[in-house]
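Structure file protein_3.pdb (PDB, C-alpha atoms) is printed below.
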```pdb
ATOM      1  CA  MET I   6     -56.653 -53.950 -90.985
ATOM      2  CA  VAL I   7     -57.802 -50.843 -89.182
ATOM      3  CA  ARG I   8     -54.887 -49.409 -87.238
ATOM      4  CA  SER I   9     -57.112 -47.949 -84.504
ATOM      5  CA  GLN I  10     -58.551 -51.404 -83.774
ATOM      6  CA  ARG I  11     -55.101 -52.809 -83.142
ATOM      7  CA  TRP I  12     -53.896 -50.043 -80.841
ATOM      8  CA  SER I  13     -57.141 -49.795 -78.896
ATOM      9  CA  VAL I  14     -56.374 -53.277 -77.546
ATOM     10  CA  ALA I  15     -52.641 -52.683 -77.017
ATOM     11  CA  PRO I  16     -52.777 -51.772 -73.293
ATOM     12  CA  GLY I  17     -54.627 -55.012 -72.513
ATOM     13  CA  GLY I  18     -51.522 -57.126 -72.067
ATOM     14  CA  ARG I  19     -50.421 -55.090 -69.049
ATOM     15  CA  CYS I  20     -53.777 -54.828 -67.282
ATOM     16  CA  GLY I  21     -55.627 -57.074 -64.938
ATOM     17  CA  SER I  22     -54.894 -60.536 -63.671
ATOM     18  CA  PRO I  23     -52.865 -63.131 -65.593
ATOM     19  CA  ALA I  24     -56.047 -65.133 -66.192
ATOM     20  CA  GLY I  25     -57.011 -65.559 -69.831
ATOM     21  CA  ARG I  26     -58.995 -62.776 -71.499
ATOM     22  CA  ARG I  27     -61.274 -63.228 -74.491
ATOM     23  CA  LEU I  28     -61.861 -60.677 -77.221
ATOM     24  CA  ALA I  29     -65.389 -60.570 -78.561
ATOM     25  CA  HIS I  30     -66.320 -59.159 -81.957
ATOM     26  CA  ARG I  31     -69.804 -58.340 -83.081
ATOM     27  CA  ASP I  32     -68.918 -59.601 -86.551
ATOM     28  CA  THR I  33     -67.290 -62.964 -85.895
ATOM     29  CA  ALA I  34     -66.593 -63.408 -89.619
ATOM     30  CA  ALA I  35     -64.060 -60.557 -89.491
ATOM     31  CA  ALA I  36     -60.805 -62.534 -89.334
ATOM     32  CA  GLU I  37     -58.856 -59.397 -90.154
ATOM     33  CA  ALA I  38     -60.306 -57.545 -87.160
ATOM     34  CA  ALA I  39     -59.606 -60.510 -84.872
ATOM     35  CA  THR I  40     -56.009 -60.660 -86.098
ATOM     36  CA  ALA I  41     -55.571 -56.900 -85.634
ATOM     37  CA  ALA I  42     -56.941 -57.083 -82.083
ATOM     38  CA  ALA I  43     -54.671 -60.010 -81.165
ATOM     39  CA  LEU I  44     -51.692 -58.149 -82.655
ATOM     40  CA  GLY I  45     -52.573 -55.063 -80.606
ATOM     41  CA  TRP I  46     -52.633 -57.218 -77.486
ATOM     42  CA  ALA I  47     -49.246 -58.698 -78.357
ATOM     43  CA  HIS I  48     -47.709 -55.274 -78.991
ATOM     44  CA  GLY I  49     -49.111 -53.986 -75.699
ATOM     45  CA  SER I  50     -47.633 -56.951 -73.837
ATOM     46  CA  TYR I  51     -44.040 -56.123 -74.845
ATOM     47  CA  ARG I  52     -41.606 -55.638 -71.974
ATOM     48  CA  PHE I  53     -37.893 -54.872 -72.169
ATOM     49  CA  GLU I  54     -36.448 -57.209 -69.543
ATOM     50  CA  ARG I  55     -32.957 -57.927 -70.850
ATOM     51  CA  TYR I  56     -31.251 -56.450 -67.783
ATOM     52  CA  ARG I  57     -33.631 -57.641 -65.045
ATOM     53  CA  SER I  58     -32.058 -60.003 -62.536
ATOM     54  CA  LYS I  59     -35.444 -61.512 -61.692
ATOM     55  CA  PRO I  60     -38.840 -61.449 -63.398
ATOM     56  CA  ARG I  61     -41.471 -58.897 -62.431
ATOM     57  CA  ASP I  62     -43.831 -59.906 -59.629
ATOM     58  CA  ALA I  63     -47.003 -59.885 -61.681
ATOM     59  CA  ALA I  64     -47.333 -61.919 -64.858
ATOM     60  CA  PRO I  65     -48.983 -60.087 -67.737
ATOM     61  CA  ALA I  66     -52.584 -60.893 -68.523
ATOM     62  CA  GLN I  67     -52.867 -63.651 -71.116
ATOM     63  CA  LEU I  68     -55.040 -63.520 -74.215
ATOM     64  CA  VAL I  69     -57.224 -66.395 -75.297
ATOM     65  CA  PRO I  70     -56.729 -66.021 -79.062
ATOM     66  CA  PRO I  71     -59.846 -65.064 -81.020
ATOM     67  CA  GLN I  72     -60.995 -68.041 -83.110
ATOM     68  CA  LEU I  73     -60.616 -66.281 -86.439
ATOM     69  CA  ALA I  74     -57.269 -64.625 -85.745
ATOM     70  CA  ASP I  75     -54.226 -65.613 -87.805
ATOM     71  CA  MET I  76     -52.063 -66.320 -84.764
ATOM     72  CA  ALA I  77     -49.044 -67.408 -86.838
ATOM     73  CA  HIS I  78     -49.037 -63.916 -88.381
ATOM     74  CA  VAL I  79     -49.509 -62.323 -84.942
ATOM     75  CA  ARG I  80     -46.551 -64.263 -83.499
ATOM     76  CA  ARG I  81     -44.277 -63.312 -86.440
ATOM     77  CA  MET I  82     -45.208 -59.621 -86.302
ATOM     78  CA  ALA I  83     -44.966 -59.432 -82.497
ATOM     79  CA  ALA I  84     -41.531 -61.096 -82.541
ATOM     80  CA  ALA I  85     -40.309 -58.687 -85.234
ATOM     81  CA  LEU I  86     -41.497 -55.640 -83.310
ATOM     82  CA  ALA I  87     -40.063 -57.000 -80.045
ATOM     83  CA  MET I  88     -36.665 -57.466 -81.713
ATOM     84  CA  ALA I  89     -36.726 -53.901 -83.048
ATOM     85  CA  ARG I  90     -37.801 -52.531 -79.665
ATOM     86  CA  ASP I  91     -35.079 -54.534 -77.881
ATOM     87  CA  LEU I  92     -32.427 -53.049 -80.177
ATOM     88  CA  ILE I  93     -33.807 -49.534 -79.717
ATOM     89  CA  ASN I  94     -33.958 -49.909 -75.936
ATOM     90  CA  MET I  95     -30.497 -51.464 -75.583
ATOM     91  CA  PRO I  96     -27.999 -49.055 -73.973
ATOM     92  CA  ALA I  97     -25.401 -47.586 -76.306
ATOM     93  CA  ALA I  98     -22.583 -49.269 -74.373
ATOM     94  CA  ASP I  99     -24.004 -52.673 -75.380
ATOM     95  CA  LEU I 100     -25.105 -51.981 -78.954
ATOM     96  CA  SER I 101     -21.915 -51.377 -80.916
ATOM     97  CA  PRO I 102     -21.837 -51.444 -84.722
ATOM     98  CA  GLU I 103     -20.321 -54.943 -84.461
ATOM     99  CA  ARG I 104     -23.137 -56.210 -82.244
ATOM    100  CA  LEU I 105     -25.846 -54.664 -84.426
ATOM    101  CA  ALA I 106     -24.272 -56.291 -87.503
ATOM    102  CA  ASP I 107     -24.144 -59.647 -85.680
ATOM    103  CA  GLU I 108     -27.849 -59.316 -84.791
ATOM    104  CA  ALA I 109     -28.660 -58.554 -88.437
ATOM    105  CA  LEU I 110     -26.647 -61.536 -89.713
ATOM    106  CA  THR I 111     -28.321 -63.814 -87.157
ATOM    107  CA  LEU I 112     -31.719 -62.591 -88.342
ATOM    108  CA  ALA I 113     -30.734 -63.289 -91.952
ATOM    109  CA  ALA I 114     -29.532 -66.810 -91.157
ATOM    110  CA  ARG I 115     -32.655 -67.602 -89.117
ATOM    111  CA  ASN I 116     -34.825 -66.689 -92.106
ATOM    112  CA  GLY I 117     -32.848 -68.441 -94.833
ATOM    113  CA  ALA I 118     -31.202 -65.323 -96.252
ATOM    114  CA  GLU I 119     -27.578 -64.965 -97.272
ATOM    115  CA  GLY I 120     -25.848 -62.172 -95.397
ATOM    116  CA  ARG I 121     -22.450 -60.570 -95.616
ATOM    117  CA  CYS I 122     -20.773 -57.808 -93.654
ATOM    118  CA  ILE I 123     -18.849 -55.122 -95.529
ATOM    119  CA  LEU I 124     -16.237 -53.204 -93.544
ATOM    120  CA  GLY I 125     -12.705 -51.842 -93.725
ATOM    121  CA  ASP I 126     -11.266 -51.072 -97.168
ATOM    122  CA  ALA I 127     -14.284 -52.556 -98.975
ATOM    123  CA  LEU I 128     -16.568 -50.184 -97.052
ATOM    124  CA  ARG I 129     -14.320 -47.177 -97.711
ATOM    125  CA  GLU I 130     -14.224 -47.924-101.448
ATOM    126  CA  GLY I 131     -17.847 -48.922-101.994
ATOM    127  CA  TYR I 132     -19.645 -46.823 -99.363
ATOM    128  CA  PRO I 133     -17.418 -43.842 -98.523
ATOM    129  CA  ALA I 134     -20.140 -41.872 -96.692
ATOM    130  CA  ILE I 135     -20.787 -44.706 -94.203
ATOM    131  CA  HIS I 136     -17.056 -45.103 -93.709
ATOM    132  CA  ALA I 137     -16.510 -41.350 -93.210
ATOM    133  CA  VAL I 138     -19.289 -40.912 -90.630
ATOM    134  CA  GLY I 139     -18.147 -43.841 -88.490
ATOM    135  CA  GLN I 140     -14.376 -43.519 -88.773
ATOM    136  CA  ALA I 141     -13.985 -41.858 -85.355
ATOM    137  CA  SER I 142     -15.331 -44.969 -83.617
ATOM    138  CA  PRO I 143     -13.288 -47.594 -81.796
ATOM    139  CA  SER I 144     -15.770 -50.090 -83.311
ATOM    140  CA  ALA I 145     -15.482 -49.894 -87.084
ATOM    141  CA  PRO I 146     -18.568 -48.966 -89.120
ATOM    142  CA  ARG I 147     -20.064 -51.675 -91.295
ATOM    143  CA  LEU I 148     -22.777 -52.434 -93.801
ATOM    144  CA  VAL I 149     -24.773 -55.679 -93.786
ATOM    145  CA  ASP I 150     -26.095 -56.901 -97.128
ATOM    146  CA  PHE I 151     -28.761 -59.642 -97.388
ATOM    147  CA  SER I 152     -30.147 -61.525-100.325
ATOM    148  CA  TRP I 153     -33.179 -63.796-100.082
ATOM    149  CA  GLY I 154     -35.634 -65.410-102.426
ATOM    150  CA  ASP I 155     -35.756 -66.332-106.094
ATOM    151  CA  PRO I 156     -33.145 -64.383-108.106
ATOM    152  CA  ALA I 157     -35.464 -64.480-111.145
ATOM    153  CA  ALA I 158     -38.290 -62.698-109.278
ATOM    154  CA  PRO I 159     -38.679 -58.891-109.344
ATOM    155  CA  GLN I 160     -36.205 -57.312-106.945
ATOM    156  CA  VAL I 161     -37.359 -55.471-103.849
ATOM    157  CA  THR I 162     -34.652 -53.629-101.951
ATOM    158  CA  LEU I 163     -34.979 -52.609 -98.299
ATOM    159  CA  VAL I 164     -32.528 -50.029 -97.054
ATOM    160  CA  GLY I 165     -32.330 -49.606 -93.296
ATOM    161  CA  LYS I 166     -30.194 -47.576 -90.946
ATOM    162  CA  GLY I 167     -29.019 -48.603 -87.489
ATOM    163  CA  VAL I 168     -27.635 -45.918 -85.209
ATOM    164  CA  CYS I 169     -25.146 -46.916 -82.520
ATOM    165  CA  PHE I 170     -24.478 -44.075 -80.122
ATOM    166  CA  ASP I 171     -21.204 -45.343 -78.724
ATOM    167  CA  SER I 172     -19.845 -45.450 -82.250
ATOM    168  CA  GLY I 173     -17.975 -42.161 -82.000
ATOM    169  CA  GLY I 174     -19.499 -41.140 -85.306
ATOM    170  CA  LEU I 175     -19.151 -37.562 -86.441
ATOM    171  CA  ASP I 176     -22.230 -35.542 -85.463
ATOM    172  CA  ILE I 177     -23.288 -32.813 -87.862
ATOM    173  CA  LYS I 178     -26.769 -32.279 -86.378
ATOM    174  CA  PRO I 179     -27.634 -29.401 -84.061
ATOM    175  CA  PRO I 180     -28.427 -30.400 -80.447
ATOM    176  CA  ALA I 181     -32.204 -30.158 -81.024
ATOM    177  CA  GLY I 182     -31.868 -32.571 -83.943
ATOM    178  CA  MET I 183     -30.420 -35.236 -81.641
ATOM    179  CA  LEU I 184     -33.455 -35.445 -79.349
ATOM    180  CA  LEU I 185     -35.226 -38.149 -81.363
ATOM    181  CA  MET I 186     -32.135 -39.944 -82.648
ATOM    182  CA  LYS I 187     -32.388 -42.735 -80.038
ATOM    183  CA  LYS I 188     -35.446 -44.018 -81.879
ATOM    184  CA  ASP I 189     -33.926 -43.495 -85.329
ATOM    185  CA  MET I 190     -33.637 -47.110 -86.444
ATOM    186  CA  VAL I 191     -35.862 -46.773 -89.460
ATOM    187  CA  ALA I 192     -36.220 -48.723 -92.672
ATOM    188  CA  ARG I 193     -37.006 -47.302 -96.070
ATOM    189  CA  LEU I 194     -38.503 -49.309 -98.882
ATOM    190  CA  ALA I 195     -37.720 -48.921-102.557
ATOM    191  CA  CYS I 196     -38.752 -51.222-105.391
ATOM    192  CA  TRP I 197     -37.010 -51.922-108.654
ATOM    193  CA  ARG I 198     -37.788 -54.341-111.492
TER     194      ARG I 198
END
```
Rendering of file as structure tokens:
Amino acid sequence: MVRSQRWSVAPGGRCGSPAGRRLAHRDTAAAEAATAAALGWAHGSYRFERYRSKPRDAAPAQLVPPQLADMAHVRRMAAALAMARDLINMPAADLSPERLADEALTLAARNGAEGRCILGDALREGYPAIHAVGQASPSAPRLVDFSWGDPAAPQVTLVGKGVCFDSGGLDIKPPAGMLLMKKDMVARLACWR
């Protein structure tokens, strides 16, 4: 998938009338390009509307899916990105460590994973750095651990970090280092056999 193809279509979901739009490709056999274009459209159509009392006046333009596009993949990827964007855009007063952990456990359950939340003494003993950074918070820090898949298969471990700004965590960064922290919900991937 060519990243530029996907993002060149991204603004399309917010432009024009709500009537269906069709994407045309010179090479109609390029299912990957069709999927990338449809995904770009879906990403561009994202709106954070959690706190709106009524919907916006204009409906976003709708895409008539390209014939060759893997729309199941597009829907999964768009939903995943929308969830991440919703969490990033949620005000700090609403996204406490407890709420973020609940969202993570809900995601695990929805996808057939086993999840557990580690907090309190277990967190202090097993993960002292997480406990130390969040101990000034009225909402206790926590770690969510998932397991999913065949235990006999090679293990892939994803380690992610969620930052909750009402957590009262101890800040050791200089002021300039805090400018991008609102978007600092990143995941890191490591693989072990």
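Separating atom CA of Ala84 of chain I from atom CA of Pro159 of chain I is a distance of 27.0 Å.
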Between I:Leu110, I:Val79, I:Leu100, I:Ala134, which has the minimum distance to Ala39 of chain I (counting all atoms listed in the file)?
->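 Smallest separation from Ala39 of chain I among the options: I:Val79.
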Across I:Ala145, I:Gly49, I:Glu54, I:Leu92, the smallest distance to Ala109 of chain I, with only C-alpha atoms counted, is shown by I:Leu92
Rounded to one decimal in Å, what is the spacing between atom CA of Ala118 of chain I and atom CA of Gly165 of chain I?
-> 16.0 Å
Length of the atom CA of Arg80 of chain I to atom CA of Leu68 of chain I vector [Å] =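 Separation of atom CA of Arg80 of chain I and atom CA of Leu68 of chain I: 12.6 Å.
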For Asp99 of chain I: contacts at 12 Å, only C-alpha atoms, fewer than 2 positions along chain excluded, given as JSON, numbers by chain | {"I": [55, 56, 91, 92, 93, 94, 95, 96, 97, 101, 102, 103, 104, 105, 144, 169, 170, 171, 172]}
Given the file shown, enumerate the residues that the PyMOL selection byres ((chain I and resi 120) around 8) captures and present them as a PyMOL selection string.
-> chain I and resi 110+113-114+118-119+121-122+149-152
Might you spell out which residues the PyMOL selection byres ((chain I and resi 36) around 9) would select in the displayed file, as a VMD selection string?
-> chain I and resid 33 to 35 37 to 41 71 to 75
